[in-house]
Amino acid sequence: MRAPRGPLAVALLLFAAALALRVLFAHAGPDAAWPFALVYEGDARLWLRHASALLRGEPFELGLPLRPPGTAHLVAWLWDGTPAGVGRLRLAWQVLGAAAAPATYLALRATIGAGRAALAGALAAGSSAWIGLASSVNSEAPYLLVALAGLGLHASLARAPGVGRAVAWGLVAAAGCLLRAEHAAYVAPALLHLAWIARRADGAADAEAHGRARRGHALRVAGAALAALVLALAPWHAAAWGAVARFNTVERPQPPAAAAALAAIEQRTSVLLWTPGALAERQALPAFARRSSSAFVAATVLHRGGSSVRAEDFGVLEEAFGARPRPLSTRFLVALYGPLNFALANVPGGSGGFDRARLERPPPLAGGADAYPRELVAGLPPPELAFEYPPHLALVNDGYRAGLAEVAADPAGWLGLVGRKLGRFLAGVGQGLGGFNLPAGGWDVRRAVDLAAPGGAAAIPWTVAVLALAAVGARRLVREGAPLAPWWLFLASKLLVAVAFYGYARQGAVALAGLAPLLAAGLAAACAPLAGRQVGGRPLLPVAAGALAVLLLALEVARTAVGVTARIDGAPAAYDPASPEVHADAWLDLRLGR
């Protein structure tokens with residue numbers, strides 16, 4: 001295949017085509033003015049609420065760093081906080097998503113050759129999965145761009161290790177972590193790889209002096225990357241750890257309804273005498289749970305006929321809930337929700353995607369519900385995550401231990417869960433091209449907070465074909481000795497995250513960045529027999545590629561002109577800005593025509 005000339009011209013052409021496809025896709029259906037496309041709602045509502053709180057200078061989610069901060073701050077920077085500004089915000093996301101196509105090309109150009117890199121960029125421009133991700137105000141579109149920049153820098157360092165590029169890589173890696181915490185699964189082994197390639201690059205292996213030089217160079221390169229990463233992440237972690245420490249030690253005002261209910265319990269139990277030991281136990285509780293837990297203990301003592309609250313009475317918290325409130329950990333990487341997500345994602349009978357079943361388990365209530373005040377145990381667990389509720393708090397603090405205990409108790413069930421996770425992950429890998437998702441099929445199934453995927457019979461053979469093409473490309477590139485370590489590490493990190501946490505189709509869609517060189521090389525190999533043929537005196541392959549690009553754009557123009565009618569679970573699609581995000585599966589019915 002003839003290598004395209006002029007890398008800047010190729011990059012601009014890829015960006016223009018990608019942006020046209022994304023803008024047209026976003027304006028075809030009833031969701032044109034929404035902050036998300038019907039095919040991917042995700043956490044878009046949450047990011048807008050978080051950004052609104054930032055713009056007003058108000059705390060969000062109790063001021064706790066539950067999630068990585070990058071997306072909310074990016075939305076707040078690009079958005080004016082008004083409903084009218086949502087359209088401009090979504091256009092900014094489409095621009096970020098379109099930039100992933102030339103970023104793919106530029107990152108791969110020196111690794112797999114200009115021709116195959118251009119093919120990879122073209123696949124990125126037309127990818128249905130990436131079109132869907134770029135059409136919703138979620139974290140994946142900016143994250144993809146940052147991740148691709150990091151892969152390009154990583155590959156550049158593999159060719160010529162240098163301190164300046166190592167610093168740039170560390171800064172980009174930090175940005176990736178602040179957008180998606182799981183980016184750390186790529187960053188950690190990538191740092192080791194940078195040290196290894198820097199050590200190998202300098203000097204002859206059989207000379208002691210050169211060996212010392214290699215080691216010194218490796219330390220400088222890896223140290224520069226690590227220092228840049230740590231320094232870039234330090235301000236956020238100082239603020240996040242400080243916020244958690246304050247939450248643990250400073251009692252905050254309760255919402256009016258909760259404050260009134262607690263005051264009523266405290267009034268009723270004011271006849272009880274508190275021993276010094278009980279007061280010490282009360283004071284040892286974290287500030288955010290101190291009042292509610294103490295009220296529960298006192299009410300239970302009174303319910304059981306006691307006249308005083310003793311230190312040992314605080315054992316009723318373990319009896320009722322299986323755990324006593326402990327302070328939130330102030331040492332975590334990027335976001336607080338890692339242990340919680342691990343516990344929720346590893347219930348052996350789970351769906352493989354986002355699943356709240358672990359949060360909805362009833363408390364143990366040792367001795368039976370009658371051993372506790374009825375009004376305090378009726379309706380448990382609370383409908384949303386509550387830090388005052390000991391079982392929920394235990395999952396936030398000890399979710400990794402709780403999840404591993406579930407796995408150990410039913411390893412066969414967990415293996416079945418892993419299979420379901422990978423099935424959903426592959427639904428993101430096996431997407432097609434353009435807004436029609438051809439030839440994979442339509443956008444039929446949208447799992448909870450996930451990217452929609454084809455649900456028809458064509459989806460499985462197409463996914464198999466995509467994987468087979470990647471295998472062909474991998475074999476070809478390995479035989480050529482292409483330096484693909486950055487892409488292998490990135491792809492492995494996404495598989496690891498899918499197995500350890502949720503098996504999202506959107507995670508598989510992001511993993512296409514790691515598969516891009518393999519798919520491009522596989523497609524180039526498949527088209528190799530046609531490389532020498534011509535049509536009308538012109539090389540066949542560039543003509544065919546151009547015709548396919550024109551066809552995709554024409555189909556998108558037609559789709560936008562005709563319009564799309566949408567139904568969700570049989571009901572007409574609608575958007576209420578005040579509604580919370582939907583944590584449930586949905587079945588989409590997208591049809592041409594208004």
# chains A, B, ... in the order shown; residues from 1 in each chain; ligands from 1
call {"tool": "residues_around", "arguments": {"residues": "Leu477 of chain A", "least_positions_apart": "3", "cutoff": "9 Å", "atoms": "only C-alpha atoms", "output": "list of chain:residue names"}}
result
A:Ile112, A:Val472, A:Gly473, A:Ala474, A:Glu480, A:Gly481, A:Ala482, A:Pro483, A:Leu484, A:Pro517, A:Leu518, A:Ala521, A:Gly522
call {"tool": "write_last_selection", "arguments": {"atoms": "C-alpha atoms", "output": "PDB file, in the first residue's frame"}}
result
ATOM      1  CA  ILE A 112       3.924   0.576  11.772  1.00  0.00           C
ATOM      2  CA  VAL A 472      -3.546 -11.522  11.527  1.00  0.00           C
ATOM      3  CA  GLY A 473      -2.184  -8.036  12.081  1.00  0.00           C
ATOM      4  CA  ALA A 474      -0.486  -9.053  15.330  1.00  0.00           C
ATOM      5  CA  GLU A 480       8.366  -7.591  11.430  1.00  0.00           C
ATOM      6  CA  GLY A 481       9.620  -6.760  14.933  1.00  0.00           C
ATOM      7  CA  ALA A 482       7.406  -3.688  15.260  1.00  0.00           C
ATOM      8  CA  PRO A 483       7.913  -2.038  18.692  1.00  0.00           C
ATOM      9  CA  LEU A 484       4.346  -2.411  19.942  1.00  0.00           C
ATOM     10  CA  PRO A 517      -2.132  -1.076  14.950  1.00  0.00           C
ATOM     11  CA  LEU A 518      -3.178  -4.713  14.804  1.00  0.00           C
ATOM     12  CA  ALA A 521      -1.897  -4.239   9.784  1.00  0.00           C
ATOM     13  CA  GLY A 522      -4.447  -7.035   9.436  1.00  0.00           C
TER      14      GLY A 522
END
call {"tool": "residues_around", "arguments": {"residues": "Ala470 of chain A", "least_positions_apart": "3", "cutoff": "12 Å", "atoms": "only C-alpha atoms", "output": "JSON, numbers by chain"}}
result
{"A": [120, 429, 430, 463, 464, 465, 466, 467, 473, 474, 475, 476, 477, 478, 512, 514, 515, 516, 517, 518, 519, 520, 521, 522, 523, 524, 525, 526]}
call {"tool": "write_last_selection", "arguments": {"atoms": "N, CA and C atoms", "output": "PDB file, in the first residue's frame"}}
result
ATOM      1  N   ALA A 120      -5.110   3.095  10.120  1.00  0.00           N
ATOM      2  CA  ALA A 120      -5.581   3.058  11.504  1.00  0.00           C
ATOM      3  C   ALA A 120      -6.344   4.331  11.844  1.00  0.00           C
ATOM      4  N   VAL A 429     -15.629  -3.865  21.505  1.00  0.00           N
ATOM      5  CA  VAL A 429     -14.580  -4.089  20.503  1.00  0.00           C
ATOM      6  C   VAL A 429     -15.189  -4.350  19.130  1.00  0.00           C
ATOM      7  N   GLY A 430     -16.273  -5.110  19.098  1.00  0.00           N
ATOM      8  CA  GLY A 430     -16.855  -5.542  17.828  1.00  0.00           C
ATOM      9  C   GLY A 430     -17.872  -4.597  17.245  1.00  0.00           C
ATOM     10  N   THR A 463     -17.836  -9.549  15.372  1.00  0.00           N
ATOM     11  CA  THR A 463     -16.831  -9.454  16.436  1.00  0.00           C
ATOM     12  C   THR A 463     -15.725 -10.474  16.222  1.00  0.00           C
ATOM     13  N   VAL A 464     -16.101 -11.679  15.838  1.00  0.00           N
ATOM     14  CA  VAL A 464     -15.106 -12.709  15.545  1.00  0.00           C
ATOM     15  C   VAL A 464     -14.207 -12.264  14.391  1.00  0.00           C
ATOM     16  N   ALA A 465     -14.806 -11.644  13.381  1.00  0.00           N
ATOM     17  CA  ALA A 465     -14.022 -11.173  12.240  1.00  0.00           C
ATOM     18  C   ALA A 465     -13.043 -10.081  12.661  1.00  0.00           C
ATOM     19  N   VAL A 466     -13.483  -9.178  13.532  1.00  0.00           N
ATOM     20  CA  VAL A 466     -12.597  -8.115  14.022  1.00  0.00           C
ATOM     21  C   VAL A 466     -11.422  -8.717  14.783  1.00  0.00           C
ATOM     22  N   LEU A 467     -11.704  -9.683  15.658  1.00  0.00           N
ATOM     23  CA  LEU A 467     -10.632 -10.319  16.426  1.00  0.00           C
ATOM     24  C   LEU A 467      -9.689 -11.103  15.511  1.00  0.00           C
ATOM     25  N   GLY A 473      -3.060  -9.193  11.980  1.00  0.00           N
ATOM     26  CA  GLY A 473      -2.184  -8.036  12.081  1.00  0.00           C
ATOM     27  C   GLY A 473      -1.109  -8.218  13.132  1.00  0.00           C
ATOM     28  N   ALA A 474      -1.471  -8.819  14.272  1.00  0.00           N
ATOM     29  CA  ALA A 474      -0.486  -9.053  15.330  1.00  0.00           C
ATOM     30  C   ALA A 474       0.619  -9.974  14.840  1.00  0.00           C
ATOM     31  N   ARG A 475       0.238 -11.031  14.148  1.00  0.00           N
ATOM     32  CA  ARG A 475       1.239 -11.979  13.640  1.00  0.00           C
ATOM     33  C   ARG A 475       2.185 -11.264  12.665  1.00  0.00           C
ATOM     34  N   ARG A 476       1.617 -10.452  11.794  1.00  0.00           N
ATOM     35  CA  ARG A 476       2.445  -9.751  10.812  1.00  0.00           C
ATOM     36  C   ARG A 476       3.405  -8.778  11.501  1.00  0.00           C
ATOM     37  N   LEU A 477       2.908  -8.013  12.453  1.00  0.00           N
ATOM     38  CA  LEU A 477       3.740  -7.006  13.106  1.00  0.00           C
ATOM     39  C   LEU A 477       4.794  -7.636  14.004  1.00  0.00           C
ATOM     40  N   VAL A 478       4.459  -8.738  14.665  1.00  0.00           N
ATOM     41  CA  VAL A 478       5.448  -9.428  15.501  1.00  0.00           C
ATOM     42  C   VAL A 478       6.576  -9.972  14.632  1.00  0.00           C
ATOM     43  N   LEU A 512      -9.972  -0.245  21.777  1.00  0.00           N
ATOM     44  CA  LEU A 512      -9.664  -0.212  20.347  1.00  0.00           C
ATOM     45  C   LEU A 512      -8.419   0.624  20.058  1.00  0.00           C
ATOM     46  N   GLY A 514      -5.680   0.340  21.664  1.00  0.00           N
ATOM     47  CA  GLY A 514      -4.602  -0.636  21.712  1.00  0.00           C
ATOM     48  C   GLY A 514      -4.624  -1.598  20.542  1.00  0.00           C
ATOM     49  N   LEU A 515      -5.813  -1.854  20.011  1.00  0.00           N
ATOM     50  CA  LEU A 515      -5.947  -2.763  18.874  1.00  0.00           C
ATOM     51  C   LEU A 515      -5.708  -2.086  17.533  1.00  0.00           C
ATOM     52  N   ALA A 516      -5.663  -0.746  17.511  1.00  0.00           N
ATOM     53  CA  ALA A 516      -5.588  -0.020  16.245  1.00  0.00           C
ATOM     54  C   ALA A 516      -4.439  -0.476  15.348  1.00  0.00           C
ATOM     55  N   PRO A 517      -3.201  -0.636  15.861  1.00  0.00           N
ATOM     56  CA  PRO A 517      -2.132  -1.076  14.950  1.00  0.00           C
ATOM     57  C   PRO A 517      -2.356  -2.483  14.424  1.00  0.00           C
ATOM     58  N   LEU A 518      -2.936  -3.338  15.241  1.00  0.00           N
ATOM     59  CA  LEU A 518      -3.178  -4.713  14.804  1.00  0.00           C
ATOM     60  C   LEU A 518      -4.250  -4.760  13.727  1.00  0.00           C
ATOM     61  N   LEU A 519      -5.335  -4.003  13.918  1.00  0.00           N
ATOM     62  CA  LEU A 519      -6.407  -3.989  12.927  1.00  0.00           C
ATOM     63  C   LEU A 519      -5.928  -3.387  11.611  1.00  0.00           C
ATOM     64  N   ALA A 520      -5.138  -2.323  11.697  1.00  0.00           N
ATOM     65  CA  ALA A 520      -4.637  -1.694  10.470  1.00  0.00           C
ATOM     66  C   ALA A 520      -3.710  -2.637   9.712  1.00  0.00           C
ATOM     67  N   ALA A 521      -2.812  -3.304  10.444  1.00  0.00           N
ATOM     68  CA  ALA A 521      -1.897  -4.239   9.784  1.00  0.00           C
ATOM     69  C   ALA A 521      -2.649  -5.434   9.220  1.00  0.00           C
ATOM     70  N   GLY A 522      -3.661  -5.920   9.940  1.00  0.00           N
ATOM     71  CA  GLY A 522      -4.447  -7.035   9.436  1.00  0.00           C
ATOM     72  C   GLY A 522      -5.210  -6.672   8.187  1.00  0.00           C
ATOM     73  N   LEU A 523      -5.803  -5.466   8.179  1.00  0.00           N
ATOM     74  CA  LEU A 523      -6.552  -5.039   6.993  1.00  0.00           C
ATOM     75  C   LEU A 523      -5.610  -4.805   5.812  1.00  0.00           C
ATOM     76  N   ALA A 524      -4.441  -4.248   6.095  1.00  0.00           N
ATOM     77  CA  ALA A 524      -3.468  -4.051   5.020  1.00  0.00           C
ATOM     78  C   ALA A 524      -3.032  -5.384   4.434  1.00  0.00           C
ATOM     79  N   ALA A 525      -2.842  -6.384   5.301  1.00  0.00           N
ATOM     80  CA  ALA A 525      -2.456  -7.709   4.815  1.00  0.00           C
ATOM     81  C   ALA A 525      -3.566  -8.336   3.984  1.00  0.00           C
ATOM     82  N   ALA A 526      -4.813  -8.148   4.421  1.00  0.00           N
ATOM     83  CA  ALA A 526      -5.940  -8.714   3.670  1.00  0.00           C
ATOM     84  C   ALA A 526      -6.082  -8.069   2.301  1.00  0.00           C
TER      85      ALA A 526
END
call {"tool": "closest_residue", "arguments": {"among": "A:Ile131, A:Ala299, A:Val221, A:Ala498", "to": "Pro373 of chain A", "atoms": "only C-alpha atoms"}}
result
A:Ala299
call {"tool": "residues_around", "arguments": {"residues": "Leu145 of chain A", "least_positions_apart": "2", "cutoff": "10 Å", "atoms": "only C-alpha atoms", "output": "JSON, numbers by chain"}}
result
{"A": [96, 97, 98, 99, 100, 101, 102, 103, 104, 140, 141, 142, 143, 147, 148, 149, 150, 151, 176, 513]}
call {"tool": "select_by_dssp", "arguments": {"residues": "segment 149-297 of chain A", "states": "alpha helix (DSSP H)", "output": "ChimeraX atom specification"}}
result
/A:149-159,163-179,184-201,208-249,256-268,276-284,287-297
call {"tool": "atom_distance", "arguments": {"atom1": "atom CA of Phe354 of chain A", "atom2": "atom CA of Ala134 of chain A"}}
result
21.1 Å
call {"tool": "closest_atom_pairs", "arguments": {"of": "segment 47-96 of chain A", "to": "segment 237-248 of chain A", "cutoff": "12 Å", "atoms": "only C-alpha atoms", "output": "CSV"}}
result
residue,atom,partner,partner_atom,distance
A:Pro59,CA,A:Ala243,CA,10.4
A:Phe60,CA,A:Ala243,CA,11.6
A:Glu61,CA,A:Ala243,CA,11.5
A:Leu62,CA,A:Phe247,CA,8.4
A:Gly63,CA,A:Ala243,CA,6.8
A:Leu64,CA,A:Ala243,CA,6.2
A:Pro65,CA,A:Ala240,CA,5.7
A:Leu66,CA,A:Ala240,CA,9.2
A:Arg67,CA,A:Ala240,CA,10.3
A:Pro68,CA,A:Ala240,CA,10.0
A:Pro69,CA,A:Ala240,CA,9.7
call {"tool": "atom_distance", "arguments": {"atom1": "atom CA of Ser351 of chain A", "atom2": "atom CA of Val499 of chain A"}}
result
12.7 Å
call {"tool": "closest_residue", "arguments": {"among": "A:Ala122, A:Leu359, A:Val146, A:Ala369", "to": "Pro382 of chain A", "atoms": "only C-alpha atoms"}}
result
A:Leu359
call {"tool": "closest_residue", "arguments": {"among": "A:Asp370, A:Asp80, A:Glu375, A:Asp444", "to": "Ala261 of chain A", "atoms": "only C-alpha atoms"}}
result
A:Glu375
call {"tool": "atom_distance", "arguments": {"atom1": "atom CA of Arg533 of chain A", "atom2": "atom CA of Leu13 of chain A"}}
result
24.5 Å
call {"tool": "residues_around", "arguments": {"residues": "segment 573-581 of chain A", "least_positions_apart": "5", "cutoff": "9 Å", "atoms": "only C-alpha atoms", "output": "compact mmCIF listing (two decimals) with N, CA and C atoms, in the first residue's frame"}}
result
# COMPACT_ATOMS: atom_id res chain seq x y z
N PRO A 30 -33.64 12.75 18.10
CA PRO A 30 -34.26 13.67 19.05
C PRO A 30 -33.31 14.10 20.16
N ASP A 31 -32.12 13.50 20.23
CA ASP A 31 -31.16 13.80 21.29
C ASP A 31 -30.17 14.90 20.90
N TRP A 34 -29.50 17.33 23.64
CA TRP A 34 -29.22 16.74 24.95
C TRP A 34 -27.71 16.73 25.20
N LEU A 38 -28.40 9.09 22.61
CA LEU A 38 -29.20 7.98 23.10
C LEU A 38 -28.38 6.70 23.21
N GLU A 41 -25.69 7.22 27.34
CA GLU A 41 -26.00 8.22 28.37
C GLU A 41 -24.88 8.26 29.40
N GLY A 42 -24.47 7.09 29.89
CA GLY A 42 -23.38 7.03 30.84
C GLY A 42 -23.64 7.87 32.08
N ASP A 43 -22.65 8.66 32.46
CA ASP A 43 -22.74 9.55 33.63
C ASP A 43 -22.87 11.01 33.22
N ALA A 44 -23.39 11.27 32.01
CA ALA A 44 -23.43 12.64 31.51
C ALA A 44 -24.21 13.57 32.44
N ARG A 45 -25.34 13.11 32.97
CA ARG A 45 -26.12 13.95 33.88
C ARG A 45 -25.28 14.29 35.12
N LEU A 46 -24.59 13.29 35.63
CA LEU A 46 -23.78 13.50 36.83
C LEU A 46 -22.68 14.52 36.57
N PRO A 83 -28.50 25.88 30.14
CA PRO A 83 -29.02 24.89 29.18
C PRO A 83 -28.65 25.23 27.74
N VAL A 449 -25.35 2.42 32.41
CA VAL A 449 -24.25 3.39 32.26
C VAL A 449 -23.21 2.94 31.24
N THR A 565 -36.12 8.42 14.59
CA THR A 565 -37.10 8.33 15.67
C THR A 565 -36.63 7.29 16.67
N ALA A 566 -36.74 7.62 17.94
CA ALA A 566 -36.17 6.74 18.96
C ALA A 566 -37.21 6.39 20.02
N ARG A 567 -37.14 5.14 20.44
CA ARG A 567 -37.94 4.66 21.57
C ARG A 567 -37.00 3.93 22.53
N ILE A 568 -37.26 4.09 23.82
CA ILE A 568 -36.48 3.43 24.84
C ILE A 568 -37.41 2.52 25.62
call {"tool": "residues_around", "arguments": {"residues": "segment 157-163 of chain A", "least_positions_apart": "2", "cutoff": "6 Å", "atoms": "only C-alpha atoms", "output": "count of residues only"}}
result
6
call {"tool": "select_by_dssp", "arguments": {"residues": "segment 132-333 of chain A", "states": "strand (DSSP E)", "output": "ChimeraX atom specification"}}
result
/A:273-274,308-309
call {"tool": "write_last_selection", "arguments": {"atoms": "N, CA, C and O atoms", "output": "mmCIF file, in the first residue's frame"}}
result
data_model
loop_
_atom_site.group_PDB
_atom_site.id
_atom_site.type_symbol
_atom_site.label_atom_id
_atom_site.label_comp_id
_atom_site.auth_asym_id
_atom_site.auth_seq_id
_atom_site.Cartn_x
_atom_site.Cartn_y
_atom_site.Cartn_z
ATOM 1 N N LEU A 273 -28.604 7.190 80.826
ATOM 2 C CA LEU A 273 -27.329 7.666 81.356
ATOM 3 C C LEU A 273 -26.201 7.116 80.479
ATOM 4 O O LEU A 273 -26.177 5.934 80.160
ATOM 5 N N TRP A 274 -25.253 8.002 80.106
ATOM 6 C CA TRP A 274 -24.108 7.585 79.301
ATOM 7 C C TRP A 274 -22.893 7.444 80.209
ATOM 8 O O TRP A 274 -22.499 8.399 80.893
ATOM 9 N N SER A 308 -29.059 2.657 80.847
ATOM 10 C CA SER A 308 -27.822 3.391 80.606
ATOM 11 C C SER A 308 -27.130 2.820 79.379
ATOM 12 O O SER A 308 -27.311 1.650 79.022
ATOM 13 N N VAL A 309 -26.323 3.670 78.740
ATOM 14 C CA VAL A 309 -25.536 3.253 77.567
ATOM 15 C C VAL A 309 -24.110 3.015 78.031
ATOM 16 O O VAL A 309 -23.450 3.921 78.559
#
call {"tool": "residues_around", "arguments": {"residues": "Leu91 of chain A", "least_positions_apart": "6", "cutoff": "12 Å", "atoms": "only C-alpha atoms", "output": "PyMOL selection string"}}
result
chain A and resi 19-20+22-27+32-36+75+78-79+85+97-98+134-137+141
call {"tool": "write_last_selection", "arguments": {"atoms": "C-alpha atoms", "output": "tab-separated table (two decimals), in the first residue's frame"}}
result
chain	number	residue	atom	x	y	z
A	19	LEU	CA	-15.63	15.63	12.88
A	20	ALA	CA	-18.15	15.58	10.03
A	22	ARG	CA	-19.62	12.96	14.64
A	23	VAL	CA	-21.50	16.21	14.09
A	24	LEU	CA	-23.89	14.59	11.62
A	25	PHE	CA	-24.49	11.63	13.95
A	26	ALA	CA	-25.29	13.93	16.87
A	27	HIS	CA	-27.90	15.91	14.91
A	32	ALA	CA	-29.47	16.59	19.30
A	33	ALA	CA	-29.89	19.16	22.11
A	34	TRP	CA	-29.22	16.74	24.95
A	35	PRO	CA	-25.84	16.41	26.72
A	36	PHE	CA	-25.64	12.79	25.59
A	75	VAL	CA	-16.91	20.37	31.65
A	78	LEU	CA	-15.89	24.49	28.61
A	79	TRP	CA	-19.46	25.15	29.75
A	85	GLY	CA	-24.56	26.14	26.48
A	97	GLY	CA	-13.50	12.80	19.76
A	98	ALA	CA	-12.60	13.72	16.19
A	134	ALA	CA	-17.64	11.37	21.28
A	135	SER	CA	-21.37	12.13	21.15
A	136	SER	CA	-21.89	12.19	24.92
A	137	VAL	CA	-20.41	14.39	27.63
A	141	ALA	CA	-13.65	11.18	24.54
